[in-house]
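What follows is the content of model00.cif (mmCIF, C-alpha atoms).
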```
data_model
#
loop_
_atom_site.group_PDB
_atom_site.id
_atom_site.type_symbol
_atom_site.label_atom_id
_atom_site.label_comp_id
_atom_site.auth_asym_id
_atom_site.auth_seq_id
_atom_site.Cartn_x
_atom_site.Cartn_y
_atom_site.Cartn_z
ATOM 1 C CA MET A 1 73.603 165.916 250.950
ATOM 2 C CA LYS A 2 74.763 167.060 254.338
ATOM 3 C CA ILE A 3 78.398 166.047 254.787
ATOM 4 C CA SER A 4 80.062 165.310 258.120
ATOM 5 C CA VAL A 5 83.721 164.806 259.003
ATOM 6 C CA ALA A 6 84.488 162.701 262.089
ATOM 7 C CA MET A 7 87.918 163.400 263.606
ATOM 8 C CA ALA A 8 89.506 161.688 266.605
ATOM 9 C CA LEU A 9 92.199 163.721 268.367
ATOM 10 C CA TYR A 10 95.061 162.694 270.627
ATOM 11 C CA ARG A 11 97.854 165.237 271.123
ATOM 12 C CA PRO A 12 97.897 166.447 267.495
ATOM 13 C CA GLY A 13 100.344 169.268 268.138
ATOM 14 C CA ASP A 14 101.211 171.508 265.207
ATOM 15 C CA PHE A 15 99.596 169.214 262.624
ATOM 16 C CA LEU A 16 95.985 169.928 263.596
ATOM 17 C CA GLU A 17 95.627 173.440 262.172
ATOM 18 C CA PRO A 18 96.880 172.639 258.626
ATOM 19 C CA GLN A 19 94.698 169.526 258.576
ATOM 20 C CA LEU A 20 91.579 171.455 259.577
ATOM 21 C CA ARG A 21 92.304 174.275 257.138
ATOM 22 C CA SER A 22 92.722 171.773 254.300
ATOM 23 C CA ILE A 23 89.247 170.426 255.122
ATOM 24 C CA LEU A 24 87.590 173.800 255.608
ATOM 25 C CA THR A 25 88.894 175.137 252.262
ATOM 26 C CA GLN A 26 87.682 172.194 250.137
ATOM 27 C CA THR A 27 85.927 172.894 246.841
ATOM 28 C CA ARG A 28 82.930 171.379 248.645
ATOM 29 C CA PRO A 29 83.432 172.146 252.348
ATOM 30 C CA PRO A 30 81.754 169.864 254.893
ATOM 31 C CA ASP A 31 78.671 171.002 256.771
ATOM 32 C CA GLU A 32 80.121 169.897 260.102
ATOM 33 C CA ILE A 33 83.321 168.601 261.646
ATOM 34 C CA VAL A 34 82.791 166.564 264.809
ATOM 35 C CA LEU A 35 85.923 166.294 266.962
ATOM 36 C CA GLY A 36 86.577 164.151 270.023
ATOM 37 C CA ASP A 37 89.714 164.994 272.023
ATOM 38 C CA ASP A 38 91.212 162.063 273.937
ATOM 39 C CA ALA A 39 93.832 164.309 275.573
ATOM 40 C CA PRO A 40 91.905 167.563 276.106
ATOM 41 C CA ASP A 41 94.047 170.599 275.538
ATOM 42 C CA ALA A 42 93.126 174.268 275.907
ATOM 43 C CA VAL A 43 95.233 175.019 272.820
ATOM 44 C CA ASN A 44 93.119 172.655 270.711
ATOM 45 C CA ALA A 45 89.877 174.138 272.029
ATOM 46 C CA ALA A 46 91.104 177.683 271.319
ATOM 47 C CA LEU A 47 92.134 176.716 267.774
ATOM 48 C CA ILE A 48 88.687 175.243 267.102
ATOM 49 C CA ASP A 49 87.056 178.407 268.385
ATOM 50 C CA THR A 50 89.258 180.596 266.169
ATOM 51 C CA LEU A 51 88.586 178.512 263.057
ATOM 52 C CA GLN A 52 84.841 178.498 263.762
ATOM 53 C CA ARG A 53 84.809 182.291 263.597
ATOM 54 C CA GLU A 54 86.914 182.261 260.429
ATOM 55 C CA PHE A 55 84.783 179.595 258.681
ATOM 56 C CA PRO A 56 81.186 180.089 259.878
ATOM 57 C CA GLY A 57 79.764 177.989 257.035
ATOM 58 C CA THR A 58 81.010 174.753 258.648
ATOM 59 C CA GLU A 59 79.956 173.861 262.175
ATOM 60 C CA LEU A 60 82.883 172.681 264.317
ATOM 61 C CA ARG A 61 81.691 170.588 267.276
ATOM 62 C CA TYR A 62 84.488 169.900 269.737
ATOM 63 C CA THR A 63 84.166 167.545 272.710
ATOM 64 C CA ALA A 64 86.794 167.027 275.402
ATOM 65 C CA ASN A 65 86.437 163.368 276.341
ATOM 66 C CA PRO A 66 86.057 162.962 280.131
ATOM 67 C CA ARG A 67 88.303 159.889 279.969
ATOM 68 C CA THR A 68 90.706 158.435 277.432
ATOM 69 C CA LEU A 69 88.735 156.235 275.019
ATOM 70 C CA GLY A 70 91.454 154.982 272.691
ATOM 71 C CA VAL A 71 91.417 155.472 268.957
ATOM 72 C CA SER A 72 88.613 153.068 267.978
ATOM 73 C CA LEU A 73 86.193 154.101 270.734
ATOM 74 C CA ASN A 74 86.989 157.754 270.083
ATOM 75 C CA PHE A 75 86.128 157.334 266.398
ATOM 76 C CA ALA A 76 82.961 155.458 267.343
ATOM 77 C CA SER A 77 81.986 158.361 269.604
ATOM 78 C CA VAL A 78 82.459 161.051 266.953
ATOM 79 C CA ILE A 79 80.765 158.956 264.253
ATOM 80 C CA GLU A 80 77.783 158.498 266.562
ATOM 81 C CA ARG A 81 77.489 162.281 266.994
ATOM 82 C CA THR A 82 77.560 163.115 263.271
ATOM 83 C CA THR A 83 74.317 164.308 261.675
ATOM 84 C CA GLY A 84 75.251 164.221 257.977
ATOM 85 C CA GLU A 85 74.164 161.760 255.306
ATOM 86 C CA LEU A 86 77.772 161.129 254.273
ATOM 87 C CA ILE A 87 80.528 160.603 256.852
ATOM 88 C CA PHE A 88 84.205 161.176 256.167
ATOM 89 C CA LEU A 89 86.816 159.985 258.652
ATOM 90 C CA SER A 90 89.840 162.159 259.286
ATOM 91 C CA ASP A 91 93.138 161.661 261.029
ATOM 92 C CA GLN A 92 94.579 164.617 262.911
ATOM 93 C CA ASP A 93 97.866 165.029 261.064
ATOM 94 C CA ASP A 94 97.265 164.742 257.287
ATOM 95 C CA VAL A 95 96.437 167.284 254.593
ATOM 96 C CA TRP A 96 93.484 166.879 252.224
ATOM 97 C CA LEU A 97 93.836 168.023 248.630
ATOM 98 C CA PRO A 98 91.145 170.544 247.614
ATOM 99 C CA GLU A 99 88.838 168.229 245.605
ATOM 100 C CA LYS A 100 88.828 165.269 248.000
ATOM 101 C CA ILE A 101 85.352 165.747 249.484
ATOM 102 C CA GLU A 102 83.778 166.655 246.141
ATOM 103 C CA LEU A 103 85.217 163.656 244.278
ATOM 104 C CA LEU A 104 84.631 161.048 246.985
ATOM 105 C CA ALA A 105 81.107 162.258 247.768
ATOM 106 C CA GLY A 106 80.277 161.982 244.078
ATOM 107 C CA ALA A 107 81.574 158.401 243.945
ATOM 108 C CA ALA A 108 80.049 157.038 247.175
ATOM 109 C CA GLY A 109 77.113 155.225 245.562
ATOM 110 C CA ASP A 110 74.991 153.298 248.070
ATOM 111 C CA GLY A 111 77.940 152.161 250.207
ATOM 112 C CA GLY A 112 81.046 154.274 250.277
ATOM 113 C CA ALA A 113 84.152 155.394 248.431
ATOM 114 C CA PHE A 114 87.857 155.582 249.139
ATOM 115 C CA CYS A 115 90.886 157.108 247.455
ATOM 116 C CA ASN A 116 94.648 156.718 247.525
ATOM 117 C CA SER A 117 97.092 158.922 249.426
ATOM 118 C CA THR A 118 100.651 160.139 248.959
ATOM 119 C CA ALA A 119 103.016 159.163 251.762
ATOM 120 C CA VAL A 120 104.895 162.246 252.987
ATOM 121 C CA ASP A 121 107.198 163.007 255.907
ATOM 122 C CA ALA A 122 106.385 165.378 258.745
ATOM 123 C CA GLY A 123 107.304 168.330 256.502
ATOM 124 C CA LEU A 124 104.990 167.113 253.684
ATOM 125 C CA ARG A 125 107.879 165.971 251.468
ATOM 126 C CA PRO A 126 106.872 162.946 249.320
ATOM 127 C CA LEU A 127 108.456 159.645 250.351
ATOM 128 C CA GLY A 128 108.114 158.008 246.934
ATOM 129 C CA TYR A 129 105.204 155.648 247.541
ATOM 130 C CA THR A 130 101.460 155.661 248.169
ATOM 131 C CA HIS A 131 99.155 154.068 250.700
ATOM 132 C CA TRP A 132 97.873 151.619 248.080
ATOM 133 C CA ASN A 133 101.489 150.562 247.433
ATOM 134 C CA THR A 134 101.804 149.560 251.094
ATOM 135 C CA ARG A 135 98.575 147.526 250.861
ATOM 136 C CA GLN A 136 99.554 146.038 247.468
ATOM 137 C CA TYR A 137 96.217 147.229 246.099
ATOM 138 C CA ALA A 138 95.123 148.307 242.623
ATOM 139 C CA PRO A 139 91.544 149.334 241.701
ATOM 140 C CA ILE A 140 89.434 146.325 240.712
ATOM 141 C CA PRO A 141 86.287 146.945 238.609
ATOM 142 C CA ASP A 142 84.850 143.454 239.163
ATOM 143 C CA PRO A 143 82.704 143.432 242.351
ATOM 144 C CA GLU A 144 83.624 139.856 243.334
ATOM 145 C CA HIS A 145 87.365 140.458 243.074
ATOM 146 C CA GLN A 146 86.940 143.770 244.887
ATOM 147 C CA PHE A 147 85.242 141.895 247.745
ATOM 148 C CA ILE A 148 88.023 139.295 247.790
ATOM 149 C CA SER A 149 90.590 142.088 248.066
ATOM 150 C CA PHE A 150 88.751 143.409 251.139
ATOM 151 C CA LEU A 151 88.691 139.940 252.691
ATOM 152 C CA ARG A 152 92.412 139.529 252.046
ATOM 153 C CA ARG A 153 93.335 142.883 253.611
ATOM 154 C CA VAL A 154 91.105 145.955 253.780
ATOM 155 C CA PRO A 155 92.680 148.560 251.456
ATOM 156 C CA ALA A 156 90.383 151.439 252.454
ATOM 157 C CA ALA A 157 92.128 153.313 255.275
ATOM 158 C CA GLY A 158 90.072 155.518 257.567
ATOM 159 C CA HIS A 159 91.817 158.691 256.435
ATOM 160 C CA ASN A 160 90.709 158.026 252.836
ATOM 161 C CA MET A 161 87.112 156.830 253.190
ATOM 162 C CA VAL A 162 83.567 158.156 253.105
ATOM 163 C CA PHE A 163 80.430 156.109 253.776
ATOM 164 C CA HIS A 164 76.692 156.604 254.078
ATOM 165 C CA ALA A 165 75.242 157.338 257.498
ATOM 166 C CA ARG A 166 72.570 154.691 256.898
ATOM 167 C CA TRP A 167 75.187 152.122 257.944
ATOM 168 C CA LYS A 168 75.855 153.638 261.379
ATOM 169 C CA GLU A 169 73.505 151.240 263.158
ATOM 170 C CA LEU A 170 75.227 148.272 261.526
ATOM 171 C CA LEU A 171 78.749 149.539 262.243
ATOM 172 C CA LEU A 172 78.329 150.691 265.847
ATOM 173 C CA PRO A 173 79.483 149.678 268.340
ATOM 174 C CA PHE A 174 82.848 148.571 266.991
ATOM 175 C CA PRO A 175 83.984 145.098 268.120
ATOM 176 C CA GLY A 176 86.497 145.033 270.949
ATOM 177 C CA LEU A 177 89.568 144.466 268.797
ATOM 178 C CA ARG A 178 92.847 146.364 268.800
ATOM 179 C CA ALA A 179 92.843 149.279 266.300
ATOM 180 C CA CYS A 180 90.023 147.881 264.205
ATOM 181 C CA HIS A 181 87.804 150.818 263.248
ATOM 182 C CA ASP A 182 88.761 151.288 259.595
ATOM 183 C CA SER A 183 89.171 147.567 258.888
ATOM 184 C CA TRP A 184 85.778 146.958 260.501
ATOM 185 C CA ILE A 185 84.051 149.690 258.477
ATOM 186 C CA GLY A 186 85.770 148.521 255.304
ATOM 187 C CA LEU A 187 84.843 144.869 255.780
ATOM 188 C CA MET A 188 81.230 145.468 256.848
ATOM 189 C CA ILE A 189 80.346 147.797 253.981
ATOM 190 C CA ALA A 190 82.121 145.513 251.496
ATOM 191 C CA THR A 191 79.989 142.638 252.800
ATOM 192 C CA ILE A 192 76.563 144.270 252.492
ATOM 193 C CA ALA A 193 77.064 147.047 249.902
ATOM 194 C CA GLU A 194 79.798 148.292 247.544
ATOM 195 C CA TRP A 195 82.977 150.310 247.904
ATOM 196 C CA HIS A 196 83.967 152.515 244.973
ATOM 197 C CA ALA A 197 87.689 153.119 244.516
ATOM 198 C CA VAL A 198 88.703 156.572 243.258
ATOM 199 C CA ASP A 199 92.114 156.183 241.631
ATOM 200 C CA ARG A 200 93.469 159.523 242.798
ATOM 201 C CA GLU A 201 95.927 160.496 245.535
ATOM 202 C CA LEU A 202 93.741 162.967 247.413
ATOM 203 C CA THR A 203 95.446 162.942 250.812
ATOM 204 C CA LEU A 204 98.962 163.820 251.933
ATOM 205 C CA TYR A 205 99.456 161.043 254.487
ATOM 206 C CA ARG A 206 102.074 162.058 257.050
ATOM 207 C CA VAL A 207 104.363 159.213 258.116
ATOM 208 C CA HIS A 208 106.108 160.020 261.388
ATOM 209 C CA ASP A 209 107.075 158.482 264.727
ATOM 210 C CA ASN A 210 103.630 158.966 266.301
ATOM 211 C CA ASN A 211 101.534 157.242 263.618
ATOM 212 C CA LEU A 212 99.124 154.660 264.995
ATOM 213 C CA SER A 213 100.108 152.375 262.109
ATOM 214 C CA HIS A 214 103.532 152.459 260.513
ATOM 215 C CA PRO A 215 103.405 152.058 256.721
ATOM 216 C CA ARG A 216 106.712 151.030 255.187
ATOM 217 C CA ARG A 217 108.237 151.737 251.811
ATOM 218 C CA PRO A 218 107.372 148.708 249.631
ATOM 219 C CA GLY A 219 110.196 146.235 249.155
ATOM 220 C CA VAL A 220 111.751 143.020 250.480
ATOM 221 C CA SER A 221 112.751 144.553 253.816
ATOM 222 C CA ALA A 222 109.196 145.807 254.340
ATOM 223 C CA GLN A 223 107.794 142.352 253.576
ATOM 224 C CA LEU A 224 110.159 140.704 256.059
ATOM 225 C CA ALA A 225 109.306 143.276 258.701
ATOM 226 C CA ALA A 226 105.588 142.742 258.050
ATOM 227 C CA LEU A 227 105.980 138.976 258.457
ATOM 228 C CA ALA A 228 107.788 139.430 261.775
ATOM 229 C CA GLU A 229 105.197 141.940 262.973
ATOM 230 C CA SER A 230 102.356 139.636 261.928
ATOM 231 C CA ARG A 231 103.806 136.804 264.010
ATOM 232 C CA TYR A 232 104.490 139.048 267.001
ATOM 233 C CA ASN A 233 100.955 140.529 266.978
ATOM 234 C CA ASN A 234 99.276 137.208 266.111
ATOM 235 C CA SER A 235 97.476 138.897 263.226
ATOM 236 C CA ILE A 236 95.793 135.642 262.180
ATOM 237 C CA GLU A 237 93.933 135.417 265.490
ATOM 238 C CA TRP A 238 92.944 139.100 265.074
ATOM 239 C CA THR A 239 91.657 138.355 261.554
ATOM 240 C CA ILE A 240 89.614 135.400 262.801
ATOM 241 C CA GLU A 241 87.983 137.572 265.455
ATOM 242 C CA LEU A 242 87.257 140.334 262.907
ATOM 243 C CA LEU A 243 85.656 137.963 260.395
ATOM 244 C CA TYR A 244 83.631 136.204 263.066
ATOM 245 C CA ALA A 245 82.439 139.556 264.443
ATOM 246 C CA ALA A 246 81.291 140.582 260.941
ATOM 247 C CA LEU A 247 79.238 137.406 260.502
ATOM 248 C CA LEU A 248 77.783 137.730 263.981
ATOM 249 C CA ARG A 249 76.801 141.387 263.476
ATOM 250 C CA CYS A 250 74.982 140.601 260.221
ATOM 251 C CA ASP A 251 73.134 137.727 261.905
ATOM 252 C CA GLU A 252 72.238 139.813 264.966
ATOM 253 C CA GLN A 253 70.782 142.583 262.810
ATOM 254 C CA ARG A 254 69.181 140.134 260.401
ATOM 255 C CA ILE A 255 71.099 141.523 257.446
ATOM 256 C CA THR A 256 70.820 139.245 254.421
ATOM 257 C CA VAL A 257 74.287 138.747 252.964
ATOM 258 C CA ASP A 258 74.593 137.678 249.335
ATOM 259 C CA PRO A 259 75.094 133.877 249.498
ATOM 260 C CA HIS A 260 78.233 133.963 247.346
ATOM 261 C CA ARG A 261 79.806 136.670 249.504
ATOM 262 C CA ARG A 262 78.889 134.765 252.651
ATOM 263 C CA ALA A 263 80.534 131.646 251.208
ATOM 264 C CA LEU A 264 83.707 133.606 250.438
ATOM 265 C CA LEU A 265 83.742 135.088 253.920
ATOM 266 C CA LEU A 266 83.371 131.631 255.461
ATOM 267 C CA GLU A 267 86.149 130.257 253.241
ATOM 268 C CA ARG A 268 88.427 133.102 254.348
ATOM 269 C CA LEU A 269 87.563 132.352 257.961
ATOM 270 C CA ARG A 270 88.246 128.621 257.554
ATOM 271 C CA HIS A 271 91.639 129.297 255.940
ATOM 272 C CA ALA A 272 92.626 131.607 258.802
ATOM 273 C CA ARG A 273 91.528 129.022 261.378
ATOM 274 C CA ILE A 274 93.577 126.305 259.671
ATOM 275 C CA ARG A 275 96.666 128.543 259.704
ATOM 276 C CA GLU A 276 96.083 129.499 263.331
ATOM 277 C CA SER A 277 95.783 125.869 264.510
ATOM 278 C CA LEU A 278 98.522 124.115 262.513
ATOM 279 C CA PRO A 279 99.745 120.888 264.147
ATOM 280 C CA ASP A 280 103.129 120.923 265.889
ATOM 281 C CA ALA A 281 104.312 117.643 264.391
ATOM 282 C CA VAL A 282 106.346 118.269 261.237
ATOM 283 C CA LEU A 283 104.719 115.799 258.824
ATOM 284 C CA PRO A 284 101.060 116.681 259.632
ATOM 285 C CA LYS A 285 102.028 120.349 259.474
ATOM 286 C CA ILE A 286 103.577 119.924 256.004
ATOM 287 C CA LEU A 287 100.530 118.007 254.780
ATOM 288 C CA THR A 288 98.109 120.662 256.079
ATOM 289 C CA ILE A 289 100.091 123.524 254.548
ATOM 290 C CA SER A 290 100.421 121.615 251.252
ATOM 291 C CA ARG A 291 96.652 121.095 251.038
ATOM 292 C CA GLU A 292 96.005 124.802 251.580
ATOM 293 C CA LEU A 293 98.733 125.781 249.126
ATOM 294 C CA PHE A 294 97.579 123.503 246.288
ATOM 295 C CA SER A 295 93.934 124.456 246.863
ATOM 296 C CA GLY A 296 94.883 128.032 245.953
ATOM 297 C CA ARG A 297 93.707 129.445 249.280
ATOM 298 C CA TYR A 298 97.134 130.758 250.246
ATOM 299 C CA SER A 299 97.146 132.793 247.023
ATOM 300 C CA ARG A 300 93.516 133.889 247.222
ATOM 301 C CA TRP A 301 93.717 135.035 250.827
ATOM 302 C CA GLY A 302 97.346 136.105 251.168
ATOM 303 C CA HIS A 303 100.756 136.066 249.554
ATOM 304 C CA GLY A 304 100.814 132.501 248.268
ATOM 305 C CA TRP A 305 103.961 130.461 248.886
ATOM 306 C CA ARG A 306 105.472 133.197 251.066
ATOM 307 C CA ASN A 307 102.738 132.699 253.668
ATOM 308 C CA ALA A 308 103.117 128.926 253.330
ATOM 309 C CA VAL A 309 106.854 129.203 254.082
ATOM 310 C CA GLN A 310 106.089 131.582 256.944
ATOM 311 C CA ASP A 311 103.717 129.048 258.475
ATOM 312 C CA LEU A 312 106.111 126.144 257.944
ATOM 313 C CA LEU A 313 109.098 127.842 259.550
ATOM 314 C CA PHE A 314 107.676 130.217 262.119
ATOM 315 C CA ARG A 315 104.201 129.111 263.187
#
```
Could you spell out this file's structure in structure tokens?
Amino acid sequence: MKISVAMALYRPGDFLEPQLRSILTQTRPPDEIVLGDDAPDAVNAALIDTLQREFPGTELRYTANPRTLGVSLNFASVIERTTGELIFLSDQDDVWLPEKIELLAGAAGDGGAFCNSTAVDAGLRPLGYTHWNTRQYAPIPDPEHQFISFLRRVPAAGHNMVFHARWKELLLPFPGLRACHDSWIGLMIATIAEWHAVDRELTLYRVHDNNLSHPRRPGVSAQLAALAESRYNNSIEWTIELLYAALLRCDEQRITVDPHRRALLLERLRHARIRESLPDAVLPKILTISRELFSGRYSRWGHGWRNAVQDLLFR
């Protein structure tokens, strides 16, 4: 299979060269790397040119975006320009371990595959946790429970995923939601195909001040910070829009979704809508939260009683 890597750039600085070298020296190097630069820089263009001469077996296709697209539209642009049968997404500041492409490509099946990553600081020193730790995810062999985990919170981050190019028409364009590209890809492929989890840490995931997302070391303080951030960003409204967009896209493209999966998706959407529109009056609010809690939906779609308390006190 022809393998493509889609990379969105925005002022990568000194991290870009080690990232590209870690991709170009894989045990199974990609056939092409498609790069879109949202802050065009002559230094970046010169680096790409130098690496192309050093690694002629992989085509490096660099585009300086005429205007700033933002991360999701930039990824959509580079994905659209890929020509491979398998598409890997790449951040601009990580390091891939040598067998990442080989192992994930071999596990992709008919949908896609994703791995875990080691959280490291800017100097690649391990921070003592993994990306799956921050998402509270563990590999689930049962397809239904795997799908539920994706509806709860997509565990497959862009920097750790590969998917088949046959899904490009379904995935593009991305919905107009803030920073949604990897959650959108994860949810859509989980809905109509299968994700295969590779229980290996195959990426060194740099955590630094300029990360688009800010993973935190697991613990009570991280959970409290996540609750506060969720309220500030109105993440429930964002989730409702994401789920609705997924249903709409499948209907628009006449994609037949397994009835049981569609029912689960609709249940997840209903639970989010109930949480988003809780009554202001105390007694009706308590009754609504109690019904959702005792139905098991708070546990199935979130963190159980902790989300119930969050809604009671802060929503």
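The nearest approach to Arg315 in chain A among the residues A:Leu177, A:Ile3, A:Ile236, A:Ile255, with all atoms listed in the file taken into account, belongs to A:Ile236.
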Contacts of range 33-43 of chain A within 7 Å, all atoms listed in the file, excl. fewer than 6 positions in-chain, as a PyMOL selection string = chain A and resi 4-11+59-65+68-69+74+78+82
Determine the residue set returned by the PyMOL selection byres ((chain A and resi 173) around 10) for the present structure, and present it as a list of chain:residue names.
-> A:Ser72, A:Leu73, A:Ala76, A:Ser77, A:Glu80, A:Lys168, A:Glu169, A:Leu170, A:Leu171, A:Leu172, A:Phe174, A:Pro175, A:Gly176, A:His181, A:Arg249
Exactly which residues make up the result of the PyMOL selection byres ((chain A and resi 99-107) around 10) on this file, given as an MDAnalysis selection string?
-> chainID A and resid 1 3 5 22:23 25:30 86:88 96:98 108:115 160:164 195:198 200:203
For this file, the PyMOL selection byres ((chain A and resi 123) around 12) selects which residues, as a PyMOL selection string?
-> chain A and resi 14-15+18+93-95+119-122+124-127+204-208
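Coordinates place CA of Ile140 in chain A at a distance of 22.9 Å from CA of Gly128 in chain A.
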Separation of CA of Val309 in chain A from CA of Pro279 in chain A in Å = 14.9 Å
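Of note, CA of Pro141 in chain A and CA of Tyr298 in chain A are spaced 22.7 Å apart.
Minimum atom-to-atom distances from A:Phe55, A:Trp132, A:Phe75, A:Trp301 to Ile148 in chain A were compared using all atoms listed in the file, and the lowest value belongs to A:Trp301.
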Counting all atoms listed in the file, what is within 12 Å of Asp251 in chain A, bar same-chain residues fewer than 6 positions away, as JSON, numbers by chain?
-> {"A": [170, 192, 244, 245, 257, 262]}
Surrounding residues of Leu242 in chain A excluding itself and chain neighbours under 4 positions, 10 Å, only C-alpha atoms, as a CSV table (one decimal) with C-alpha atoms, in the frame of the given file:
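The resulting file, out_37.csv, is shown below:
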```
chain,number,residue,atom,x,y,z
A,175,PRO,CA,84.0,145.1,268.1
A,176,GLY,CA,86.5,145.0,270.9
A,177,LEU,CA,89.6,144.5,268.8
A,180,CYS,CA,90.0,147.9,264.2
A,183,SER,CA,89.2,147.6,258.9
A,184,TRP,CA,85.8,147.0,260.5
A,187,LEU,CA,84.8,144.9,255.8
A,188,MET,CA,81.2,145.5,256.8
A,236,ILE,CA,95.8,135.6,262.2
A,237,GLU,CA,93.9,135.4,265.5
A,238,TRP,CA,92.9,139.1,265.1
A,246,ALA,CA,81.3,140.6,260.9
A,247,LEU,CA,79.2,137.4,260.5
A,248,LEU,CA,77.8,137.7,264.0
A,269,LEU,CA,87.6,132.4,258.0
```
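Nearest to Arg291 in chain A of all the residues A:Ile240, A:Ile274, A:Ala190, A:Leu151 is A:Ile274, based on only C-alpha atoms.
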Nearest candidate to Glu144 in chain A (options A:Val71, A:Leu264, A:Leu20, A:Leu283; using all atoms listed in the file) = A:Leu264
Proximity to Val282 in chain A - best of A:Gln52, A:Tyr129, A:Leu312, A:Gly186, all atoms listed in the file | A:Leu312
Skip Leu51 in chain A itself and residues of its chain fewer than 5 positions away, then list as a PDB file with C-alpha atoms, in the frame of the given file all residues within 9 Å of it, counting only C-alpha atoms.
```
ATOM      1  CA  GLU A  17      95.627 173.440 262.172  1.00  0.00           C
ATOM      2  CA  LEU A  20      91.579 171.455 259.577  1.00  0.00           C
ATOM      3  CA  ARG A  21      92.304 174.275 257.138  1.00  0.00           C
ATOM      4  CA  LEU A  24      87.590 173.800 255.608  1.00  0.00           C
ATOM      5  CA  ALA A  46      91.104 177.683 271.319  1.00  0.00           C
ATOM      6  CA  PRO A  56      81.186 180.089 259.878  1.00  0.00           C
ATOM      7  CA  LEU A  60      82.883 172.681 264.317  1.00  0.00           C
TER       8      LEU A  60
END
```
